[in-house]
Amino acid sequence: MAVDPTLLQMQLKRNNEDMRDMLQSLDSWEEEIKKRDELLKKQKPILKKTLPPIRGKSSGDAPHKKKPEPAAKKKEKIKSFDYDAWSKFDVDEACEDSDSRSSEGEEENEENEENSRRETAVLEKERGNQLFKDGKYEAAIERYTAAINLDPLSAVLPANRAMALLKLDRYAAAEKDCDVSISLDDKYVKAWMRRAAAKTKLKKYESATEDIKMVLQLEPTNKHAKAELERLEKLKGTSDDRKYVHPVKRPPHLRSKEPLVRIHIEDISTTAVTSEPVSDAAAHEEEEERRVEETNTIELTESMLYEAPTSSIQFQCQWKTLRRSDPSKLAQYFKAILPSQYPVVLKQSLENETFSDIIDILDKEYIHCLVSCIPVGGVFLALMS
């Protein structure tokens, strides 16, 4: 396969440039080392003071000093003209050394970043504590949330937020935060106490009692936990009394001597009775509706078909009755209503079925145009043949 001479020439040019840069760096390094050597030579040597040997002891009795271990030799840079050294240079080993140094640097950066996040979380927690003391519970929750995002492994932060949630009567959320805190540190007493408080407000007395007992296992001398346990026992007793009716057990000599009396119990209506006065118009409308509903089951006679309804309720009830019994008489019933009575009878709304029936009647039965209009749902329908 032929090699492109242009590409080969470009590669050679790049190699020459790299070699030139390397030689320049080596030359500059060599000059710097020579300057340092000259400075060291000009300095006066520091002579160590030789002390005489200790009396009564020969110089051979003096403890032998350990020879310092030779320091690890630093890898010397290969000179540009040392072609034998360059031929023995291991590129893979150099790459591994470079990667190890870079990985160590990354680990150090991650550790520094984690420490800074924890410091920021502590600052956010202190701000939240101050806001909590000032009674600004919503703002305190926001600070605690920011601290939790920065340090999610801290058991103190969700417990602090749970306390702020308890102040805002958000007991379910407070219980969840306490669950998180206990999962991170099951010996954190404040988390157990606050979860018991949240469960007490949620009327989970049995579970709250278990949490208080756990607190007493961790701190047997906790007076607040003992008092809370007694209070929970009382609450459990009252809740049981509300659920069940316990029989009264008395000895025979303390029982009543009166004979038993049978009590007759009557069922009464469960409808709520309002104490507000009912207006005459509302009472009249209710009476009309009741009367129409009672007559709804009676079949309409021929005379009724020619009597116009006097109210909207009467019209709707009679219309539904005719529609079920004999739909062919709907047109005759509708003709009995005067156009001037449409606003009173039809009012502001009609059911879909009734409205469709009226449209059919107008289309089939009416021949001449009627001048009057029907207000139906805010839209005026012109009666036309």
# chains A, B, ... in the order shown; residues from 1 in each chain; ligands from 1

call {"tool": "residues_around", "arguments": {"residues": "stretch 220-229 of chain A", "least_positions_apart": "4", "cutoff": "9 Å", "atoms": "only C-alpha atoms", "output": "list of chain:residue names"}}
result
A:Met193, A:Ala208, A:Thr209, A:Ile212, A:Lys213, A:Val215, A:Leu216, A:Glu233, A:Lys234

call {"tool": "write_last_selection", "arguments": {"atoms": "N, CA and C atoms", "output": "compact mmCIF listing (two decimals), in the first residue's frame"}}
result
# COMPACT_ATOMS: atom_id res chain seq x y z
N MET A 193 -37.73 10.12 69.77
CA MET A 193 -38.70 10.93 70.51
C MET A 193 -39.60 11.70 69.56
N ALA A 208 -46.24 4.48 68.77
CA ALA A 208 -45.56 5.54 69.53
C ALA A 208 -45.03 4.98 70.86
N THR A 209 -45.78 4.09 71.48
CA THR A 209 -45.32 3.47 72.72
C THR A 209 -44.05 2.66 72.50
N ILE A 212 -41.10 5.03 72.36
CA ILE A 212 -40.72 5.53 73.68
C ILE A 212 -39.97 4.45 74.47
N LYS A 213 -40.41 3.21 74.33
CA LYS A 213 -39.71 2.12 75.01
C LYS A 213 -38.29 1.97 74.47
N VAL A 215 -36.49 4.45 73.40
CA VAL A 215 -35.74 5.55 74.01
C VAL A 215 -35.28 5.17 75.41
N LEU A 216 -36.16 4.50 76.17
CA LEU A 216 -35.81 4.11 77.54
C LEU A 216 -34.74 3.01 77.55
N GLU A 233 -49.98 5.60 77.73
CA GLU A 233 -50.79 4.53 78.31
C GLU A 233 -52.21 5.03 78.62
N LYS A 234 -52.31 6.26 79.09
CA LYS A 234 -53.64 6.83 79.36
C LYS A 234 -54.42 7.04 78.05

call {"tool": "atom_distance", "arguments": {"atom1": "atom CA of A:Ser312", "atom2": "atom CA of A:Ser328"}}
result
21.2 Å

call {"tool": "closest_residue", "arguments": {"among": "A:Pro152, A:Asp185, A:Asp134, A:Tyr144", "to": "A:Leu165", "atoms": "only C-alpha atoms"}}
result
A:Tyr144

call {"tool": "select_by_dssp", "arguments": {"residues": "stretch 69-218 of chain A", "states": "alpha helix (DSSP H)", "output": "CSV table (one decimal) with N, CA and C atoms, in the first residue's frame"}}
result
chain,number,residue,atom,x,y,z
A,83,TYR,N,20.7,7.8,22.9
A,83,TYR,CA,19.8,7.0,22.1
A,83,TYR,C,19.6,5.6,22.7
A,84,ASP,N,20.7,5.1,23.4
A,84,ASP,CA,20.6,3.8,24.1
A,84,ASP,C,19.5,3.8,25.2
A,85,ALA,N,19.5,4.9,25.9
A,85,ALA,CA,18.5,5.0,27.0
A,85,ALA,C,17.1,5.2,26.4
A,86,TRP,N,17.0,5.9,25.4
A,86,TRP,CA,15.7,6.1,24.7
A,86,TRP,C,15.2,4.7,24.2
A,87,SER,N,16.1,3.9,23.7
A,87,SER,CA,15.6,2.6,23.2
A,87,SER,C,15.2,1.7,24.3
A,91,VAL,N,7.4,2.9,27.6
A,91,VAL,CA,6.3,3.9,27.5
A,91,VAL,C,5.2,3.5,28.4
A,92,ASP,N,4.8,2.2,28.4
A,92,ASP,CA,3.7,1.7,29.2
A,92,ASP,C,3.8,2.0,30.7
A,93,GLU,N,5.0,1.8,31.2
A,93,GLU,CA,5.3,2.1,32.6
A,93,GLU,C,5.2,3.6,32.9
A,94,ALA,N,5.7,4.4,32.0
A,94,ALA,CA,5.5,5.8,32.2
A,94,ALA,C,4.1,6.3,32.2
A,95,CYS,N,3.3,5.6,31.3
A,95,CYS,CA,1.8,6.0,31.3
A,95,CYS,C,1.1,5.6,32.5
A,96,GLU,N,1.5,4.4,33.1
A,96,GLU,CA,0.9,3.9,34.3
A,96,GLU,C,1.2,4.9,35.5
A,97,ASP,N,2.5,5.3,35.5
A,97,ASP,CA,2.9,6.3,36.6
A,97,ASP,C,2.1,7.6,36.4
A,98,SER,N,1.9,8.0,35.2
A,98,SER,CA,1.2,9.3,35.0
A,98,SER,C,-0.3,9.1,35.4
A,99,ASP,N,-0.9,7.9,35.1
A,99,ASP,CA,-2.3,7.7,35.5
A,99,ASP,C,-2.4,7.6,37.0
A,100,SER,N,-1.5,6.9,37.7
A,100,SER,CA,-1.6,6.8,39.1
A,100,SER,C,-1.5,8.2,39.8
A,101,ARG,N,-0.6,9.0,39.3
A,101,ARG,CA,-0.5,10.3,39.9
A,101,ARG,C,-1.8,11.1,39.6
A,102,SER,N,-2.4,11.0,38.4
A,102,SER,CA,-3.6,11.7,38.2
A,102,SER,C,-4.8,11.2,39.0
A,103,SER,N,-4.8,9.8,39.2
A,103,SER,CA,-5.9,9.3,40.1
A,103,SER,C,-5.8,9.7,41.5
A,104,GLU,N,-4.5,9.8,42.0
A,104,GLU,CA,-4.3,10.3,43.4
A,104,GLU,C,-4.7,11.7,43.5
A,105,GLY,N,-4.5,12.5,42.4
A,105,GLY,CA,-4.9,13.9,42.5
A,105,GLY,C,-6.4,14.0,42.5
A,106,GLU,N,-7.1,13.2,41.7
A,106,GLU,CA,-8.6,13.2,41.6
A,106,GLU,C,-9.2,12.8,43.0
A,107,GLU,N,-8.6,11.8,43.6
A,107,GLU,CA,-9.1,11.4,44.9
A,107,GLU,C,-8.9,12.5,46.0
A,108,GLU,N,-7.8,13.1,45.9
A,108,GLU,CA,-7.6,14.3,46.8
A,108,GLU,C,-8.6,15.4,46.6
A,109,ASN,N,-8.9,15.7,45.3
A,109,ASN,CA,-9.9,16.7,45.0
A,109,ASN,C,-11.3,16.3,45.4
A,110,GLU,N,-11.6,15.0,45.3
A,110,GLU,CA,-13.0,14.6,45.7
A,110,GLU,C,-13.1,14.7,47.2
A,111,GLU,N,-12.0,14.4,47.9
A,111,GLU,CA,-12.0,14.5,49.4
A,111,GLU,C,-12.2,15.9,49.8
A,112,ASN,N,-11.4,16.8,49.2
A,112,ASN,CA,-11.6,18.2,49.5
A,112,ASN,C,-13.0,18.8,49.2
A,113,GLU,N,-13.5,18.3,48.1
A,113,GLU,CA,-14.9,18.8,47.8
A,113,GLU,C,-15.9,18.3,48.8
A,114,GLU,N,-15.8,17.0,49.2
A,114,GLU,CA,-16.7,16.5,50.2
A,114,GLU,C,-16.6,17.2,51.5
A,115,ASN,N,-15.4,17.5,51.9
A,115,ASN,CA,-15.2,18.3,53.1
A,115,ASN,C,-15.8,19.7,53.0
A,116,SER,N,-15.7,20.3,51.9
A,116,SER,CA,-16.3,21.6,51.7
A,116,SER,C,-17.8,21.5,51.7
A,117,ARG,N,-18.4,20.4,51.2
A,117,ARG,CA,-19.8,20.3,51.2
A,117,ARG,C,-20.3,20.1,52.6
A,118,ARG,N,-19.6,19.3,53.4
A,118,ARG,CA,-20.0,19.1,54.8
A,118,ARG,C,-19.9,20.4,55.6
A,119,GLU,N,-18.9,21.2,55.3
A,119,GLU,CA,-18.8,22.5,56.0
A,119,GLU,C,-20.0,23.4,55.6
A,120,THR,N,-20.4,23.4,54.4
A,120,THR,CA,-21.5,24.2,53.9
A,120,THR,C,-22.8,23.7,54.5
A,121,ALA,N,-22.9,22.3,54.7
A,121,ALA,CA,-24.1,21.8,55.3
A,121,ALA,C,-24.2,22.2,56.8
A,122,VAL,N,-23.1,22.3,57.5
A,122,VAL,CA,-23.1,22.7,58.9
A,122,VAL,C,-23.6,24.2,58.9
A,123,LEU,N,-23.1,25.0,58.0
A,123,LEU,CA,-23.6,26.4,58.0
A,123,LEU,C,-25.1,26.5,57.7
A,124,GLU,N,-25.6,25.7,56.8
A,124,GLU,CA,-27.0,25.7,56.5
A,124,GLU,C,-27.8,25.2,57.7
A,125,LYS,N,-27.3,24.2,58.4
A,125,LYS,CA,-28.0,23.7,59.6
A,125,LYS,C,-28.0,24.8,60.7
A,126,GLU,N,-26.9,25.6,60.9
A,126,GLU,CA,-26.9,26.6,61.9
A,126,GLU,C,-27.9,27.7,61.5
A,127,ARG,N,-28.0,28.0,60.2
A,127,ARG,CA,-29.0,29.0,59.8
A,127,ARG,C,-30.4,28.5,60.1
A,128,GLY,N,-30.7,27.3,59.8
A,128,GLY,CA,-32.0,26.7,60.1
A,128,GLY,C,-32.3,26.7,61.6
A,129,ASN,N,-31.3,26.4,62.4
A,129,ASN,CA,-31.5,26.5,63.9
A,129,ASN,C,-31.9,27.9,64.3
A,130,GLN,N,-31.3,28.9,63.8
A,130,GLN,CA,-31.6,30.2,64.1
A,130,GLN,C,-33.0,30.6,63.7
A,131,LEU,N,-33.3,30.2,62.5
A,131,LEU,CA,-34.7,30.5,62.0
A,131,LEU,C,-35.7,29.8,62.8
A,132,PHE,N,-35.4,28.6,63.3
A,132,PHE,CA,-36.4,27.8,64.1
A,132,PHE,C,-36.6,28.5,65.4
A,133,LYS,N,-35.5,29.0,66.0
A,133,LYS,CA,-35.6,29.8,67.3
A,133,LYS,C,-36.4,31.0,67.1
A,137,TYR,N,-40.6,28.7,60.8
A,137,TYR,CA,-40.5,27.3,60.5
A,137,TYR,C,-40.4,26.9,59.1
A,138,GLU,N,-41.1,27.6,58.2
A,138,GLU,CA,-41.0,27.3,56.8
A,138,GLU,C,-39.6,27.6,56.2
A,139,ALA,N,-39.0,28.7,56.6
A,139,ALA,CA,-37.7,29.1,56.2
A,139,ALA,C,-36.7,28.1,56.8
A,140,ALA,N,-36.9,27.7,58.0
A,140,ALA,CA,-36.0,26.7,58.6
A,140,ALA,C,-36.0,25.4,57.9
A,141,ILE,N,-37.2,25.0,57.4
A,141,ILE,CA,-37.3,23.7,56.6
A,141,ILE,C,-36.5,23.8,55.3
A,142,GLU,N,-36.6,25.0,54.7
A,142,GLU,CA,-35.8,25.2,53.5
A,142,GLU,C,-34.3,25.1,53.7
A,143,ARG,N,-33.8,25.6,54.8
A,143,ARG,CA,-32.4,25.5,55.2
A,143,ARG,C,-32.0,24.1,55.5
A,144,TYR,N,-32.8,23.4,56.2
A,144,TYR,CA,-32.5,22.0,56.6
A,144,TYR,C,-32.5,21.2,55.3
A,145,THR,N,-33.4,21.4,54.4
A,145,THR,CA,-33.5,20.7,53.1
A,145,THR,C,-32.2,20.9,52.3
A,146,ALA,N,-31.7,22.1,52.3
A,146,ALA,CA,-30.5,22.4,51.6
A,146,ALA,C,-29.3,21.7,52.2
A,147,ALA,N,-29.3,21.6,53.5
A,147,ALA,CA,-28.2,20.9,54.3
A,147,ALA,C,-28.3,19.4,54.0
A,148,ILE,N,-29.5,18.9,53.9
A,148,ILE,CA,-29.6,17.4,53.6
A,148,ILE,C,-29.1,17.1,52.2
A,149,ASN,N,-29.4,18.0,51.3
A,149,ASN,CA,-28.9,17.7,49.9
A,149,ASN,C,-27.3,17.8,49.9
A,150,LEU,N,-26.7,18.6,50.7
A,150,LEU,CA,-25.3,18.7,50.8
A,150,LEU,C,-24.7,17.5,51.5
A,156,VAL,N,-28.7,13.9,61.9
A,156,VAL,CA,-29.2,15.1,62.7
A,156,VAL,C,-30.1,16.0,61.8
A,157,LEU,N,-29.7,16.1,60.5
A,157,LEU,CA,-30.5,17.1,59.7
A,157,LEU,C,-31.9,16.7,59.4
A,158,PRO,N,-32.2,15.4,59.0
A,158,PRO,CA,-33.7,15.1,58.9
A,158,PRO,C,-34.4,15.2,60.2
A,159,ALA,N,-33.8,14.9,61.3
A,159,ALA,CA,-34.5,15.0,62.6
A,159,ALA,C,-34.8,16.4,63.0
A,160,ASN,N,-33.9,17.3,62.6
A,160,ASN,CA,-34.2,18.8,62.8
A,160,ASN,C,-35.3,19.2,61.9
A,161,ARG,N,-35.3,18.8,60.7
A,161,ARG,CA,-36.4,19.2,59.8
A,161,ARG,C,-37.8,18.6,60.3
A,162,ALA,N,-37.7,17.4,60.9
A,162,ALA,CA,-38.9,16.8,61.5
A,162,ALA,C,-39.5,17.6,62.6
A,163,MET,N,-38.6,18.2,63.4
A,163,MET,CA,-39.1,19.1,64.5
A,163,MET,C,-39.8,20.3,63.9
A,164,ALA,N,-39.3,20.9,62.9
A,164,ALA,CA,-39.9,22.1,62.3
A,164,ALA,C,-41.3,21.7,61.7
A,165,LEU,N,-41.3,20.5,61.1
A,165,LEU,CA,-42.6,20.0,60.5
A,165,LEU,C,-43.6,19.7,61.6
A,166,LEU,N,-43.2,19.3,62.8
A,166,LEU,CA,-44.1,19.1,63.9
A,166,LEU,C,-44.7,20.4,64.3
A,167,LYS,N,-44.0,21.5,64.3
A,167,LYS,CA,-44.5,22.8,64.6
A,167,LYS,C,-45.6,23.3,63.6
A,171,TYR,N,-47.6,16.1,60.4
A,171,TYR,CA,-47.1,15.0,61.2
A,171,TYR,C,-46.6,13.8,60.3
A,172,ALA,N,-47.3,13.6,59.2
A,172,ALA,CA,-46.9,12.4,58.4
A,172,ALA,C,-45.5,12.7,57.8
A,173,ALA,N,-45.2,13.9,57.3
A,173,ALA,CA,-43.9,14.2,56.8
A,173,ALA,C,-42.9,14.2,57.9
A,174,ALA,N,-43.2,14.6,59.1
A,174,ALA,CA,-42.3,14.5,60.2
A,174,ALA,C,-41.9,13.1,60.5
A,175,GLU,N,-42.9,12.2,60.4
A,175,GLU,CA,-42.6,10.8,60.7
A,175,GLU,C,-41.7,10.2,59.7
A,176,LYS,N,-41.8,10.6,58.4
A,176,LYS,CA,-40.9,10.1,57.4
A,176,LYS,C,-39.5,10.5,57.6
A,177,ASP,N,-39.3,11.8,58.0
A,177,ASP,CA,-38.0,12.3,58.2
A,177,ASP,C,-37.4,11.6,59.4
A,178,CYS,N,-38.1,11.3,60.4
A,178,CYS,CA,-37.6,10.5,61.5
A,178,CYS,C,-37.2,9.1,61.1
A,179,ASP,N,-38.0,8.5,60.2
A,179,ASP,CA,-37.6,7.2,59.7
A,179,ASP,C,-36.2,7.2,59.0
A,180,VAL,N,-36.0,8.3,58.2
A,180,VAL,CA,-34.7,8.4,57.6
A,180,VAL,C,-33.6,8.6,58.6
A,181,SER,N,-33.8,9.4,59.6
A,181,SER,CA,-32.8,9.7,60.6
A,181,SER,C,-32.5,8.4,61.4
A,182,ILE,N,-33.5,7.6,61.7
A,182,ILE,CA,-33.2,6.4,62.5
A,182,ILE,C,-32.5,5.3,61.6
A,183,SER,N,-32.8,5.3,60.3
A,183,SER,CA,-32.1,4.4,59.4
A,183,SER,C,-30.6,4.7,59.3
A,184,LEU,N,-30.3,6.0,59.5
A,184,LEU,CA,-28.9,6.4,59.4
A,184,LEU,C,-28.2,6.2,60.7
A,189,VAL,N,-31.4,9.4,69.9
A,189,VAL,CA,-32.6,9.5,70.8
A,189,VAL,C,-33.6,10.5,70.3
A,190,LYS,N,-33.1,11.6,69.9
A,190,LYS,CA,-34.1,12.7,69.5
A,190,LYS,C,-34.9,12.3,68.3
A,191,ALA,N,-34.4,11.5,67.4
A,191,ALA,CA,-35.2,11.0,66.3
A,191,ALA,C,-36.3,10.1,66.8
A,192,TRP,N,-36.0,9.2,67.7
A,192,TRP,CA,-37.0,8.3,68.3
A,192,TRP,C,-38.1,9.1,69.0
A,193,MET,N,-37.7,10.1,69.8
A,193,MET,CA,-38.7,10.9,70.5
A,193,MET,C,-39.6,11.7,69.6
A,194,ARG,N,-39.0,12.3,68.5
A,194,ARG,CA,-39.8,13.1,67.6
A,194,ARG,C,-40.7,12.2,66.8
A,195,ARG,N,-40.3,11.0,66.4
A,195,ARG,CA,-41.2,10.1,65.7
A,195,ARG,C,-42.4,9.7,66.6
A,196,ALA,N,-42.1,9.5,67.9
A,196,ALA,CA,-43.2,9.1,68.8
A,196,ALA,C,-44.2,10.3,68.9
A,197,ALA,N,-43.7,11.5,68.9
A,197,ALA,CA,-44.6,12.7,69.0
A,197,ALA,C,-45.5,12.7,67.7
A,198,ALA,N,-44.9,12.5,66.6
A,198,ALA,CA,-45.6,12.5,65.3
A,198,ALA,C,-46.7,11.4,65.3
A,199,LYS,N,-46.3,10.2,65.7
A,199,LYS,CA,-47.3,9.1,65.7
A,199,LYS,C,-48.4,9.3,66.8
A,200,THR,N,-48.1,10.0,67.9
A,200,THR,CA,-49.1,10.3,68.8
A,200,THR,C,-50.1,11.3,68.2
A,201,LYS,N,-49.7,12.3,67.5
A,201,LYS,CA,-50.6,13.2,66.8
A,201,LYS,C,-51.5,12.5,65.8
A,205,TYR,N,-51.0,5.1,68.7
A,205,TYR,CA,-50.5,5.0,70.1
A,205,TYR,C,-49.6,3.8,70.3
A,206,GLU,N,-50.0,2.7,69.7
A,206,GLU,CA,-49.2,1.5,69.9
A,206,GLU,C,-47.8,1.7,69.4
A,207,SER,N,-47.7,2.2,68.2
A,207,SER,CA,-46.3,2.4,67.6
A,207,SER,C,-45.6,3.4,68.3
A,208,ALA,N,-46.2,4.5,68.8
A,208,ALA,CA,-45.6,5.5,69.5
A,208,ALA,C,-45.0,5.0,70.9
A,209,THR,N,-45.8,4.1,71.5
A,209,THR,CA,-45.3,3.5,72.7
A,209,THR,C,-44.0,2.7,72.5
A,210,GLU,N,-44.0,1.9,71.4
A,210,GLU,CA,-42.8,1.2,71.1
A,210,GLU,C,-41.6,2.1,70.9
A,211,ASP,N,-41.8,3.3,70.3
A,211,ASP,CA,-40.6,4.2,70.1
A,211,ASP,C,-40.2,4.7,71.5
A,212,ILE,N,-41.1,5.0,72.4
A,212,ILE,CA,-40.7,5.5,73.7
A,212,ILE,C,-40.0,4.5,74.5
A,213,LYS,N,-40.4,3.2,74.3
A,213,LYS,CA,-39.7,2.1,75.0
A,213,LYS,C,-38.3,2.0,74.5
A,214,MET,N,-38.1,2.2,73.2
A,214,MET,CA,-36.8,2.2,72.6
A,214,MET,C,-35.9,3.3,73.2
A,215,VAL,N,-36.5,4.4,73.4
A,215,VAL,CA,-35.7,5.6,74.0
A,215,VAL,C,-35.3,5.2,75.4
A,216,LEU,N,-36.2,4.5,76.2
A,216,LEU,CA,-35.8,4.1,77.5
A,216,LEU,C,-34.7,3.0,77.5
A,217,GLN,N,-34.7,2.2,76.5
A,217,GLN,CA,-33.6,1.2,76.4
A,217,GLN,C,-32.3,1.9,76.2
A,218,LEU,N,-32.3,3.0,75.4
A,218,LEU,CA,-31.0,3.7,75.1
A,218,LEU,C,-30.7,4.6,76.3

call {"tool": "atom_distance", "arguments": {"atom1": "atom CA of A:Asn15", "atom2": "atom CA of A:Lys34"}}
result
28.7 Å

call {"tool": "closest_residue", "arguments": {"among": "A:Pro5, A:Leu322, A:Leu202, A:Val344", "to": "A:Asp169", "atoms": "only C-alpha atoms"}}
result
A:Leu202

call {"tool": "atom_distance", "arguments": {"atom1": "atom CA of A:Met22", "atom2": "atom CA of A:Asp4"}}
result
27.4 Å

call {"tool": "closest_residue", "arguments": {"among": "A:Gln11, A:Lys204, A:His264, A:Tyr188", "to": "A:Lys236", "atoms": "only C-alpha atoms"}}
result
A:Lys204
